[in-house]
$ cat upload_3.csv   # CSV, N, CA and C atoms
chain,number,residue,atom,x,y,z
A,28,MET,N,-9.8,8.5,15.1
A,28,MET,CA,-9.3,8.2,16.5
A,28,MET,C,-9.2,6.7,16.7
A,29,GLN,N,-10.2,6.0,16.3
A,29,GLN,CA,-10.1,4.5,16.5
A,29,GLN,C,-9.0,3.9,15.7
A,30,GLN,N,-8.7,4.4,14.4
A,30,GLN,CA,-7.6,3.9,13.7
A,30,GLN,C,-6.3,4.2,14.4
A,31,CYS,N,-6.1,5.3,15.0
A,31,CYS,CA,-5.0,5.6,15.8
A,31,CYS,C,-4.8,4.6,16.9
A,32,LEU,N,-5.8,4.3,17.6
A,32,LEU,CA,-5.8,3.3,18.7
A,32,LEU,C,-5.3,2.0,18.2
A,33,TYR,N,-5.8,1.5,17.0
A,33,TYR,CA,-5.4,0.3,16.5
A,33,TYR,C,-3.9,0.3,16.2
A,34,LEU,N,-3.5,1.4,15.6
A,34,LEU,CA,-2.0,1.5,15.3
A,34,LEU,C,-1.2,1.4,16.5
A,35,ILE,N,-1.6,2.1,17.6
A,35,ILE,CA,-0.8,2.1,18.8
A,35,ILE,C,-0.8,0.7,19.4
A,36,ARG,N,-1.9,0.0,19.4
A,36,ARG,CA,-2.0,-1.3,19.9
A,36,ARG,C,-1.1,-2.2,19.1
A,37,TYR,N,-1.1,-2.1,17.8
A,37,TYR,CA,-0.3,-2.9,16.9
A,37,TYR,C,1.2,-2.7,17.1
A,38,LEU,N,1.6,-1.4,17.3
A,38,LEU,CA,3.0,-1.1,17.6
A,38,LEU,C,3.5,-1.7,18.9
A,39,ILE,N,2.6,-1.7,19.9
A,39,ILE,CA,3.0,-2.3,21.2
A,39,ILE,C,3.1,-3.8,21.1
A,40,GLU,N,2.1,-4.4,20.4
A,40,GLU,CA,2.0,-5.8,20.3
A,40,GLU,C,3.2,-6.4,19.5
A,41,SER,N,3.6,-5.7,18.5
A,41,SER,CA,4.7,-6.1,17.6
A,41,SER,C,6.1,-5.7,18.1
A,42,LYS,N,6.1,-5.0,19.3
A,42,LYS,CA,7.3,-4.5,19.9
A,42,LYS,C,8.1,-3.6,19.0
A,43,MET,N,7.5,-2.9,18.1
A,43,MET,CA,8.2,-2.0,17.2
A,43,MET,C,8.6,-0.8,18.0
A,44,ASN,N,9.6,-0.2,17.7
A,44,ASN,CA,10.1,1.0,18.4
A,44,ASN,C,9.2,2.2,17.9
A,45,ILE,N,8.4,2.7,18.7
A,45,ILE,CA,7.4,3.8,18.4
A,45,ILE,C,8.2,5.0,17.9
A,46,ILE,N,9.4,5.2,18.4
A,46,ILE,CA,10.2,6.4,18.0
A,46,ILE,C,10.8,6.2,16.6
A,47,SER,N,11.0,5.0,16.1
A,47,SER,CA,11.7,4.8,14.9
A,47,SER,C,10.9,5.4,13.7
A,48,LYS,N,11.7,5.8,12.7
A,48,LYS,CA,11.1,6.5,11.5
A,48,LYS,C,10.8,5.5,10.4
A,49,PRO,N,9.7,5.6,9.8
A,49,PRO,CA,9.4,4.7,8.7
A,49,PRO,C,10.4,4.8,7.5
A,50,ASP,N,10.6,3.8,6.8
A,50,ASP,CA,11.5,3.8,5.6
A,50,ASP,C,11.0,4.7,4.5
A,51,PHE,N,9.6,4.7,4.4
A,51,PHE,CA,9.0,5.6,3.4
A,51,PHE,C,7.6,5.9,3.9
A,52,LYS,N,7.0,7.0,3.2
A,52,LYS,CA,5.6,7.4,3.5
A,52,LYS,C,4.8,6.8,2.3
A,53,ILE,N,3.5,6.6,2.6
A,53,ILE,CA,2.6,6.1,1.6
A,53,ILE,C,1.5,7.2,1.4
A,54,LYS,N,1.3,7.5,0.1
A,54,LYS,CA,0.2,8.4,-0.2
A,54,LYS,C,-0.8,7.6,-1.1
A,55,LEU,N,-2.1,7.6,-0.6
A,55,LEU,CA,-3.1,6.9,-1.3
A,55,LEU,C,-3.8,7.8,-2.3
A,56,LEU,N,-3.8,7.5,-3.6
A,56,LEU,CA,-4.5,8.3,-4.5
A,56,LEU,C,-6.0,7.9,-4.4
A,57,ARG,N,-6.9,8.7,-5.0
A,57,ARG,CA,-8.3,8.6,-4.7
A,57,ARG,C,-8.8,7.1,-4.9
A,58,GLU,N,-8.4,6.5,-6.0
A,58,GLU,CA,-8.9,5.1,-6.3
A,58,GLU,C,-8.5,4.1,-5.2
A,59,ALA,N,-7.3,4.3,-4.7
A,59,ALA,CA,-6.8,3.4,-3.7
A,59,ALA,C,-7.6,3.7,-2.4
A,60,GLY,N,-7.8,4.9,-2.1
A,60,GLY,CA,-8.5,5.3,-0.9
A,60,GLY,C,-10.0,4.8,-0.9
A,61,ASP,N,-10.6,5.0,-2.1
A,61,ASP,CA,-12.0,4.5,-2.3
A,61,ASP,C,-12.1,3.0,-2.1
A,62,PHE,N,-11.1,2.3,-2.6
A,62,PHE,CA,-11.1,0.8,-2.5
A,62,PHE,C,-11.1,0.4,-1.0
A,63,ILE,N,-10.2,1.1,-0.2
A,63,ILE,CA,-10.1,0.8,1.2
A,63,ILE,C,-11.4,1.2,1.9
A,64,ARG,N,-12.0,2.3,1.6
A,64,ARG,CA,-13.2,2.8,2.3
A,64,ARG,C,-14.4,1.8,2.0
A,65,ASN,N,-14.4,1.1,0.9
A,65,ASN,CA,-15.4,0.2,0.6
A,65,ASN,C,-15.3,-1.2,1.2
A,66,LEU,N,-14.2,-1.4,1.9
A,66,LEU,CA,-14.0,-2.7,2.6
A,66,LEU,C,-14.8,-2.7,3.9
A,67,ASP,N,-15.1,-3.9,4.4
A,67,ASP,CA,-15.7,-4.0,5.7
A,67,ASP,C,-14.7,-3.5,6.8
A,68,LYS,N,-15.3,-3.2,7.9
A,68,LYS,CA,-14.5,-2.6,9.0
A,68,LYS,C,-13.3,-3.4,9.4
A,69,GLU,N,-13.4,-4.7,9.5
A,69,GLU,CA,-12.3,-5.6,9.9
A,69,GLU,C,-11.2,-5.6,8.8
A,70,ALA,N,-11.6,-5.7,7.6
A,70,ALA,CA,-10.7,-5.8,6.5
A,70,ALA,C,-9.9,-4.4,6.3
A,71,LYS,N,-10.7,-3.3,6.5
A,71,LYS,CA,-10.1,-2.0,6.4
A,71,LYS,C,-9.0,-1.8,7.5
A,72,LYS,N,-9.3,-2.2,8.7
A,72,LYS,CA,-8.3,-2.2,9.8
A,72,LYS,C,-7.1,-3.0,9.5
A,73,HIS,N,-7.3,-4.2,8.9
A,73,HIS,CA,-6.2,-5.0,8.6
A,73,HIS,C,-5.3,-4.4,7.5
A,74,VAL,N,-5.9,-3.8,6.5
A,74,VAL,CA,-5.2,-3.2,5.4
A,74,VAL,C,-4.4,-2.0,5.9
A,75,TYR,N,-5.0,-1.1,6.7
A,75,TYR,CA,-4.2,0.0,7.2
A,75,TYR,C,-3.0,-0.4,8.1
A,76,LEU,N,-3.2,-1.4,8.9
A,76,LEU,CA,-2.2,-1.9,9.8
A,76,LEU,C,-1.0,-2.5,9.0
A,77,LYS,N,-1.4,-3.3,7.9
A,77,LYS,CA,-0.3,-3.9,7.1
A,77,LYS,C,0.4,-2.9,6.2
A,78,LEU,N,-0.3,-1.9,5.7
A,78,LEU,CA,0.4,-0.8,5.0
A,78,LEU,C,1.4,-0.1,5.9
A,79,ARG,N,0.9,0.2,7.1
A,79,ARG,CA,1.8,0.8,8.1
A,79,ARG,C,3.0,0.0,8.4
A,80,LYS,N,2.8,-1.3,8.6
A,80,LYS,CA,3.9,-2.2,9.0
A,80,LYS,C,4.9,-2.3,7.8
A,81,ALA,N,4.4,-2.2,6.6
A,81,ALA,CA,5.3,-2.3,5.4
A,81,ALA,C,6.3,-1.1,5.4
A,82,GLN,N,5.9,0.0,6.0
A,82,GLN,CA,6.7,1.2,6.1
A,82,GLN,C,8.0,0.9,6.9
A,83,PHE,N,7.9,0.0,7.8
A,83,PHE,CA,9.0,-0.2,8.8
A,83,PHE,C,9.8,-1.5,8.5
A,84,GLU,N,9.4,-2.3,7.6
A,84,GLU,CA,10.1,-3.6,7.4
A,84,GLU,C,10.4,-3.8,5.9
A,85,ASN,N,11.5,-4.3,5.6
A,85,ASN,CA,11.8,-4.6,4.2
A,85,ASN,C,11.5,-6.1,4.0
A,86,ASN,N,10.3,-6.3,3.4
A,86,ASN,CA,9.8,-7.7,3.2
A,86,ASN,C,9.4,-7.8,1.7
A,87,PRO,N,10.2,-8.3,0.8
A,87,PRO,CA,9.8,-8.4,-0.6
A,87,PRO,C,8.6,-9.3,-0.9
A,88,ARG,N,8.1,-10.1,0.1
A,88,ARG,CA,6.9,-10.8,-0.1
A,88,ARG,C,5.7,-9.9,0.1
A,89,LYS,N,5.9,-8.8,0.7
A,89,LYS,CA,4.8,-7.8,1.0
A,89,LYS,C,4.8,-6.6,0.1
A,90,PHE,N,6.0,-6.1,-0.3
A,90,PHE,CA,6.1,-4.9,-1.1
A,90,PHE,C,7.3,-5.2,-2.0
A,91,SER,N,7.0,-5.3,-3.3
A,91,SER,CA,8.1,-5.6,-4.3
A,91,SER,C,7.8,-5.0,-5.6
A,92,LYS,N,8.8,-4.9,-6.4
A,92,LYS,CA,8.7,-4.4,-7.8
A,92,LYS,C,8.1,-5.4,-8.7
A,93,VAL,N,7.1,-5.0,-9.5
A,93,VAL,CA,6.4,-6.0,-10.4
A,93,VAL,C,6.8,-5.8,-11.8
A,94,ARG,N,7.0,-4.5,-12.2
A,94,ARG,CA,7.4,-4.2,-13.6
A,94,ARG,C,7.8,-2.8,-13.7
A,95,GLY,N,8.9,-2.5,-14.4
A,95,GLY,CA,9.3,-1.1,-14.6
A,95,GLY,C,9.4,-0.3,-13.3
A,96,LEU,N,8.6,0.7,-13.3
A,96,LEU,CA,8.5,1.6,-12.1
A,96,LEU,C,7.4,1.2,-11.1
A,97,ILE,N,6.7,0.2,-11.5
A,97,ILE,CA,5.5,-0.2,-10.7
A,97,ILE,C,5.8,-1.2,-9.6
A,98,TRP,N,5.4,-1.0,-8.4
A,98,TRP,CA,5.6,-1.8,-7.2
A,98,TRP,C,4.2,-2.3,-6.8
A,99,GLU,N,4.2,-3.3,-5.9
A,99,GLU,CA,3.0,-3.9,-5.4
A,99,GLU,C,3.0,-4.2,-3.9
A,100,PHE,N,2.0,-3.8,-3.2
A,100,PHE,CA,1.8,-4.2,-1.8
A,100,PHE,C,0.9,-5.4,-1.9
A,101,ARG,N,1.3,-6.5,-1.2
A,101,ARG,CA,0.4,-7.7,-1.1
A,101,ARG,C,0.1,-7.9,0.4
A,102,ILE,N,-1.3,-7.9,0.6
A,102,ILE,CA,-1.8,-8.0,2.0
A,102,ILE,C,-2.7,-9.2,2.0
A,103,PRO,N,-2.3,-10.3,2.5
A,103,PRO,CA,-3.1,-11.5,2.6
A,103,PRO,C,-4.2,-11.2,3.7
A,104,TYR,N,-5.4,-11.7,3.4
A,104,TYR,CA,-6.5,-11.5,4.4
A,104,TYR,C,-7.5,-12.6,4.2
A,105,LYS,N,-7.7,-13.4,5.2
A,105,LYS,CA,-8.6,-14.6,5.1
A,105,LYS,C,-8.2,-15.4,3.8
A,106,ASN,N,-9.1,-15.6,2.9
A,106,ASN,CA,-8.8,-16.4,1.7
A,106,ASN,C,-8.5,-15.6,0.4
A,107,VAL,N,-8.3,-14.3,0.6
A,107,VAL,CA,-7.9,-13.5,-0.6
A,107,VAL,C,-6.6,-12.7,-0.2
A,108,THR,N,-6.1,-12.0,-1.3
A,108,THR,CA,-5.0,-11.1,-1.1
A,108,THR,C,-5.4,-9.7,-1.7
A,109,PHE,N,-5.3,-8.7,-0.8
A,109,PHE,CA,-5.5,-7.3,-1.3
A,109,PHE,C,-4.2,-6.9,-2.0
A,110,ARG,N,-4.3,-6.3,-3.1
A,110,ARG,CA,-3.1,-5.8,-3.8
A,110,ARG,C,-3.2,-4.4,-4.1
A,111,PHE,N,-2.2,-3.6,-3.8
A,111,PHE,CA,-2.2,-2.2,-4.1
A,111,PHE,C,-1.0,-1.9,-5.0
A,112,TYR,N,-1.2,-1.3,-6.1
A,112,TYR,CA,-0.2,-1.0,-7.1
A,112,TYR,C,0.3,0.4,-6.8
A,113,ALA,N,1.6,0.6,-6.9
A,113,ALA,CA,2.2,1.9,-6.5
A,113,ALA,C,3.4,2.2,-7.3
A,114,PHE,N,3.9,3.4,-7.1
A,114,PHE,CA,5.2,3.9,-7.7
A,114,PHE,C,5.9,4.9,-6.7
A,115,TRP,N,7.2,5.1,-6.9
A,115,TRP,CA,7.9,6.0,-6.0
A,115,TRP,C,7.8,7.4,-6.6
A,116,SER,N,7.7,8.4,-5.8
A,116,SER,CA,7.6,9.8,-6.2
A,116,SER,C,9.0,10.2,-6.7
A,117,LYS,N,9.0,11.0,-7.8
A,117,LYS,CA,10.3,11.5,-8.3
A,117,LYS,C,10.6,12.8,-7.6
A,118,LYS,N,9.6,13.4,-7.0
A,118,LYS,CA,9.8,14.8,-6.4
A,118,LYS,C,10.1,14.7,-4.9
A,119,GLU,N,9.4,13.8,-4.2
A,119,GLU,CA,9.7,13.6,-2.8
A,119,GLU,C,10.4,12.4,-2.5
A,120,ASP,N,11.5,12.5,-1.7
A,120,ASP,CA,12.2,11.3,-1.3
A,120,ASP,C,11.4,10.4,-0.4
A,121,SER,N,11.5,9.1,-0.5
A,121,SER,CA,10.8,8.2,0.4
A,121,SER,C,9.3,8.3,0.4
A,122,LEU,N,8.7,8.6,-0.7
A,122,LEU,CA,7.3,8.7,-0.8
A,122,LEU,C,6.8,7.6,-1.9
A,123,VAL,N,5.9,6.7,-1.4
A,123,VAL,CA,5.3,5.7,-2.3
A,123,VAL,C,3.9,6.2,-2.6
A,124,ILE,N,3.5,6.2,-3.8
A,124,ILE,CA,2.1,6.6,-4.2
A,124,ILE,C,1.3,5.4,-4.7
A,125,ALA,N,0.3,5.0,-3.9
A,125,ALA,CA,-0.5,3.9,-4.2
A,125,ALA,C,-1.6,4.3,-5.2
A,126,THR,N,-1.7,3.7,-6.3
A,126,THR,CA,-2.6,4.1,-7.4
A,126,THR,C,-4.0,3.5,-7.2
A,127,HIS,N,-4.1,2.2,-6.9
A,127,HIS,CA,-5.4,1.6,-6.8
A,127,HIS,C,-5.2,0.2,-6.2
A,128,GLY,N,-6.3,-0.4,-5.7
A,128,GLY,CA,-6.3,-1.7,-5.1
A,128,GLY,C,-7.2,-2.7,-5.8
A,129,LYS,N,-6.9,-3.9,-5.6
A,129,LYS,CA,-7.7,-5.0,-6.2
A,129,LYS,C,-7.7,-6.2,-5.2
A,130,ILE,N,-8.7,-7.0,-5.3
A,130,ILE,CA,-8.8,-8.2,-4.5
A,130,ILE,C,-8.4,-9.3,-5.5
A,131,LYS,N,-7.4,-10.1,-5.1
A,131,LYS,CA,-6.8,-11.1,-6.0
A,131,LYS,C,-6.7,-12.4,-5.3
A,132,LYS,N,-7.1,-13.5,-6.0
A,132,LYS,CA,-7.0,-14.8,-5.4
A,132,LYS,C,-5.8,-15.6,-5.9
A,133,SER,N,-5.2,-15.2,-7.0
A,133,SER,CA,-4.1,-15.9,-7.5
A,133,SER,C,-2.8,-15.2,-7.1
A,134,LYS,N,-1.7,-15.9,-7.3
A,134,LYS,CA,-0.4,-15.3,-6.8
A,134,LYS,C,0.2,-14.3,-7.8
A,135,LYS,N,-0.1,-14.3,-9.0
A,135,LYS,CA,0.5,-13.5,-10.0
A,135,LYS,C,-0.2,-12.2,-10.3
A,136,ALA,N,0.5,-11.1,-10.4
A,136,ALA,CA,-0.1,-9.8,-10.7
A,136,ALA,C,-0.6,-9.8,-12.1
A,137,LEU,N,-1.8,-9.1,-12.3
A,137,LEU,CA,-2.4,-9.1,-13.6
A,137,LEU,C,-1.8,-8.0,-14.5
A,138,LYS,N,-1.5,-8.3,-15.7
A,138,LYS,CA,-0.9,-7.3,-16.6
A,138,LYS,C,-1.8,-6.1,-16.8
A,139,LYS,N,-3.1,-6.3,-16.8
A,139,LYS,CA,-4.0,-5.1,-17.0
A,139,LYS,C,-3.9,-4.2,-15.8
A,140,GLU,N,-3.7,-4.7,-14.6
A,140,GLU,CA,-3.6,-3.9,-13.4
A,140,GLU,C,-2.3,-3.1,-13.4
A,141,ILE,N,-1.3,-3.8,-13.8
A,141,ILE,CA,0.0,-3.1,-13.9
A,141,ILE,C,-0.1,-2.0,-15.0
A,142,ASP,N,-0.7,-2.3,-16.1
A,142,ASP,CA,-0.9,-1.2,-17.2
A,142,ASP,C,-1.7,-0.1,-16.6
A,143,LYS,N,-2.7,-0.4,-15.9
A,143,LYS,CA,-3.6,0.7,-15.3
A,143,LYS,C,-2.8,1.6,-14.4
A,144,SER,N,-1.9,0.9,-13.6
A,144,SER,CA,-1.1,1.7,-12.6
A,144,SER,C,-0.1,2.6,-13.4
A,145,GLU,N,0.5,2.1,-14.5
A,145,GLU,CA,1.4,2.9,-15.3
A,145,GLU,C,0.7,4.1,-15.8
A,146,GLN,N,-0.6,3.9,-16.3
A,146,GLN,CA,-1.3,5.1,-16.8
A,146,GLN,C,-1.6,6.1,-15.7
A,147,ILE,N,-2.0,5.6,-14.6
A,147,ILE,CA,-2.3,6.5,-13.4
A,147,ILE,C,-1.0,7.3,-13.1
A,148,MET,N,0.1,6.6,-13.1
A,148,MET,CA,1.4,7.2,-12.7
A,148,MET,C,1.8,8.3,-13.7
A,149,LYS,N,1.6,8.0,-15.0
A,149,LYS,CA,1.8,9.0,-16.1
A,149,LYS,C,1.0,10.3,-15.8
A,150,ARG,N,-0.3,10.1,-15.6
A,150,ARG,CA,-1.2,11.2,-15.3
A,150,ARG,C,-0.7,12.0,-14.0
A,151,TYR,N,-0.4,11.2,-13.0
A,151,TYR,CA,0.1,11.9,-11.8
A,151,TYR,C,1.3,12.7,-12.0
A,152,TYR,N,2.3,12.2,-12.8
A,152,TYR,CA,3.5,13.0,-13.1
A,152,TYR,C,3.2,14.2,-13.9
A,153,GLN,N,2.3,14.1,-14.8
A,153,GLN,CA,1.9,15.3,-15.7
A,153,GLN,C,1.2,16.4,-14.8
A,154,ASN,N,0.5,16.0,-13.8
A,154,ASN,CA,-0.3,17.0,-13.0
A,154,ASN,C,0.4,17.4,-11.7
A,155,ASN,N,1.4,16.6,-11.2
A,155,ASN,CA,1.9,16.9,-9.9
A,155,ASN,C,3.4,17.1,-9.8
A,156,GLU,N,4.1,16.5,-10.7
A,156,GLU,CA,5.6,16.5,-10.5
A,156,GLU,C,6.3,17.3,-11.7
$ encode --input "upload_3.csv" --output "structure tokens"
Amino acid sequence: MQQCLYLIRYLIESKMNIISKPDFKIKLLREAGDFIRNLDKEAKKHVYLKLRKAQFENNPRKFSKVRGLIWEFRIPYKNVTFRFYAFWSKKEDSLVIATHGKIKKSKKALKKEIDKSEQIMKRYYQNNE
């Protein structure tokens, strides 16, 4: 309930049209969800709001392709950046599947994190699509 109130407040403050439809949906896989759940309350709220905002705006600094089929959400917060690696669903139109999250201080995506996301994507396709 509290997350819903934060979202409503955010939509009003940013003057977004509440009736507008997001460009895509986001599905958090277990590892991405666990990552968010382990954040402190304020960081968690920030991440949820920024992921929601990404669904309504086309901002390549916040959500962009990093390699092959892998995309990345970048969410700056205080002196770090939360990064969520993701891919587009082959089965459902406009569905982005977030594989996992990391706290990153540098600007460049790590090769090992992209590789990990590709492996999770392959397993996901074998089991779900």
$ residues_around --input "upload_3.csv" --residues "A:Ile97" --least-positions-apart "5" --cutoff "8 Å" --atoms "all atoms listed in the file" --output "JSON, numbers by chain"
{"A": [91, 92, 112, 113, 114, 115, 141, 144, 145]}
$ atom_distance --input "upload_3.csv" --atom1 "atom CA of A:Lys129" --atom2 "atom CA of A:Pro49"
24.7 Å
$ atom_distance --input "upload_3.csv" --atom1 "atom N of A:Ala81" --atom2 "atom CA of A:Gln153"
28.5 Å
$ select_by_dssp --input "upload_3.csv" --residues "stretch 31-155 of chain A" --states "alpha helix (DSSP H)" --output "short mmCIF file (atom, residue, chain, number, x, y, z; two decimals) with N, CA and C atoms, in the coordinates of the input"
data_model
loop_
_atom_site.label_atom_id
_atom_site.label_comp_id
_atom_site.auth_asym_id
_atom_site.auth_seq_id
_atom_site.Cartn_x
_atom_site.Cartn_y
_atom_site.Cartn_z
N CYS A 31 -6.10 5.30 15.00
CA CYS A 31 -5.00 5.60 15.80
C CYS A 31 -4.80 4.60 16.90
N LEU A 32 -5.80 4.30 17.60
CA LEU A 32 -5.80 3.30 18.70
C LEU A 32 -5.30 2.00 18.20
N TYR A 33 -5.80 1.50 17.00
CA TYR A 33 -5.40 0.30 16.50
C TYR A 33 -3.90 0.30 16.20
N LEU A 34 -3.50 1.40 15.60
CA LEU A 34 -2.00 1.50 15.30
C LEU A 34 -1.20 1.40 16.50
N ILE A 35 -1.60 2.10 17.60
CA ILE A 35 -0.80 2.10 18.80
C ILE A 35 -0.80 0.70 19.40
N ARG A 36 -1.90 0.00 19.40
CA ARG A 36 -2.00 -1.30 19.90
C ARG A 36 -1.10 -2.20 19.10
N TYR A 37 -1.10 -2.10 17.80
CA TYR A 37 -0.30 -2.90 16.90
C TYR A 37 1.20 -2.70 17.10
N LEU A 38 1.60 -1.40 17.30
CA LEU A 38 3.00 -1.10 17.60
C LEU A 38 3.50 -1.70 18.90
N ILE A 39 2.60 -1.70 19.90
CA ILE A 39 3.00 -2.30 21.20
C ILE A 39 3.10 -3.80 21.10
N GLU A 40 2.10 -4.40 20.40
CA GLU A 40 2.00 -5.80 20.30
C GLU A 40 3.20 -6.40 19.50
N ARG A 57 -6.90 8.70 -5.00
CA ARG A 57 -8.30 8.60 -4.70
C ARG A 57 -8.80 7.10 -4.90
N GLU A 58 -8.40 6.50 -6.00
CA GLU A 58 -8.90 5.10 -6.30
C GLU A 58 -8.50 4.10 -5.20
N ALA A 59 -7.30 4.30 -4.70
CA ALA A 59 -6.80 3.40 -3.70
C ALA A 59 -7.60 3.70 -2.40
N GLY A 60 -7.80 4.90 -2.10
CA GLY A 60 -8.50 5.30 -0.90
C GLY A 60 -10.00 4.80 -0.90
N ASP A 61 -10.60 5.00 -2.10
CA ASP A 61 -12.00 4.50 -2.30
C ASP A 61 -12.10 3.00 -2.10
N PHE A 62 -11.10 2.30 -2.60
CA PHE A 62 -11.10 0.80 -2.50
C PHE A 62 -11.10 0.40 -1.00
N ILE A 63 -10.20 1.10 -0.20
CA ILE A 63 -10.10 0.80 1.20
C ILE A 63 -11.40 1.20 1.90
N ARG A 64 -12.00 2.30 1.60
CA ARG A 64 -13.20 2.80 2.30
C ARG A 64 -14.40 1.80 2.00
N LYS A 68 -15.30 -3.20 7.90
CA LYS A 68 -14.50 -2.60 9.00
C LYS A 68 -13.30 -3.40 9.40
N GLU A 69 -13.40 -4.70 9.50
CA GLU A 69 -12.30 -5.60 9.90
C GLU A 69 -11.20 -5.60 8.80
N ALA A 70 -11.60 -5.70 7.60
CA ALA A 70 -10.70 -5.80 6.50
C ALA A 70 -9.90 -4.40 6.30
N LYS A 71 -10.70 -3.30 6.50
CA LYS A 71 -10.10 -2.00 6.40
C LYS A 71 -9.00 -1.80 7.50
N LYS A 72 -9.30 -2.20 8.70
CA LYS A 72 -8.30 -2.20 9.80
C LYS A 72 -7.10 -3.00 9.50
N HIS A 73 -7.30 -4.20 8.90
CA HIS A 73 -6.20 -5.00 8.60
C HIS A 73 -5.30 -4.40 7.50
N VAL A 74 -5.90 -3.80 6.50
CA VAL A 74 -5.20 -3.20 5.40
C VAL A 74 -4.40 -2.00 5.90
N TYR A 75 -5.00 -1.10 6.70
CA TYR A 75 -4.20 0.00 7.20
C TYR A 75 -3.00 -0.40 8.10
N LEU A 76 -3.20 -1.40 8.90
CA LEU A 76 -2.20 -1.90 9.80
C LEU A 76 -1.00 -2.50 9.00
N LYS A 77 -1.40 -3.30 7.90
CA LYS A 77 -0.30 -3.90 7.10
C LYS A 77 0.40 -2.90 6.20
N LEU A 78 -0.30 -1.90 5.70
CA LEU A 78 0.40 -0.80 5.00
C LEU A 78 1.40 -0.10 5.90
N ARG A 79 0.90 0.20 7.10
CA ARG A 79 1.80 0.80 8.10
C ARG A 79 3.00 0.00 8.40
N LYS A 80 2.80 -1.30 8.60
CA LYS A 80 3.90 -2.20 9.00
C LYS A 80 4.90 -2.30 7.80
N ALA A 81 4.40 -2.20 6.60
CA ALA A 81 5.30 -2.30 5.40
C ALA A 81 6.30 -1.10 5.40
N LYS A 138 -1.50 -8.30 -15.70
CA LYS A 138 -0.90 -7.30 -16.60
C LYS A 138 -1.80 -6.10 -16.80
N LYS A 139 -3.10 -6.30 -16.80
CA LYS A 139 -4.00 -5.10 -17.00
C LYS A 139 -3.90 -4.20 -15.80
N GLU A 140 -3.70 -4.70 -14.60
CA GLU A 140 -3.60 -3.90 -13.40
C GLU A 140 -2.30 -3.10 -13.40
N ILE A 141 -1.30 -3.80 -13.80
CA ILE A 141 0.00 -3.10 -13.90
C ILE A 141 -0.10 -2.00 -15.00
N ASP A 142 -0.70 -2.30 -16.10
CA ASP A 142 -0.90 -1.20 -17.20
C ASP A 142 -1.70 -0.10 -16.60
N LYS A 143 -2.70 -0.40 -15.90
CA LYS A 143 -3.60 0.70 -15.30
C LYS A 143 -2.80 1.60 -14.40
N SER A 144 -1.90 0.90 -13.60
CA SER A 144 -1.10 1.70 -12.60
C SER A 144 -0.10 2.60 -13.40
N GLU A 145 0.50 2.10 -14.50
CA GLU A 145 1.40 2.90 -15.30
C GLU A 145 0.70 4.10 -15.80
N GLN A 146 -0.60 3.90 -16.30
CA GLN A 146 -1.30 5.10 -16.80
C GLN A 146 -1.60 6.10 -15.70
N ILE A 147 -2.00 5.60 -14.60
CA ILE A 147 -2.30 6.50 -13.40
C ILE A 147 -1.00 7.30 -13.10
N MET A 148 0.10 6.60 -13.10
CA MET A 148 1.40 7.20 -12.70
C MET A 148 1.80 8.30 -13.70
N LYS A 149 1.60 8.00 -15.00
CA LYS A 149 1.80 9.00 -16.10
C LYS A 149 1.00 10.30 -15.80
N ARG A 150 -0.30 10.10 -15.60
CA ARG A 150 -1.20 11.20 -15.30
C ARG A 150 -0.70 12.00 -14.00
N TYR A 151 -0.40 11.20 -13.00
CA TYR A 151 0.10 11.90 -11.80
C TYR A 151 1.30 12.70 -12.00
N TYR A 152 2.30 12.20 -12.80
CA TYR A 152 3.50 13.00 -13.10
C TYR A 152 3.20 14.20 -13.90
N GLN A 153 2.30 14.10 -14.80
CA GLN A 153 1.90 15.30 -15.70
C GLN A 153 1.20 16.40 -14.80
N ASN A 154 0.50 16.00 -13.80
CA ASN A 154 -0.30 17.00 -13.00
C ASN A 154 0.40 17.40 -11.70
N ASN A 155 1.40 16.60 -11.20
CA ASN A 155 1.90 16.90 -9.90
C ASN A 155 3.40 17.10 -9.80
#
$ atom_distance --input "upload_3.csv" --atom1 "atom CA of A:His127" --atom2 "atom CA of A:Phe111"
5.7 Å
$ residues_around --input "upload_3.csv" --residues "A:Ser121" --least-positions-apart "6" --cutoff "6.5 Å" --atoms "all atoms listed in the file" --output "count of residues only"
4
$ closest_residue --input "upload_3.csv" --among "A:Arg88, A:Leu96, A:Ala125, A:Asn106" --to "A:Lys54" --atoms "all atoms listed in the file"
A:Ala125
$ closest_residue --input "upload_3.csv" --among "A:Arg64, A:Lys143, A:Lys118, A:Lys89" --to "A:Pro103" --atoms "all atoms listed in the file"
A:Lys89
$ closest_residue --input "upload_3.csv" --among "A:Lys132, A:Tyr104, A:Leu137, A:Lys149" --to "A:Lys117" --atoms "only C-alpha atoms"
A:Lys149
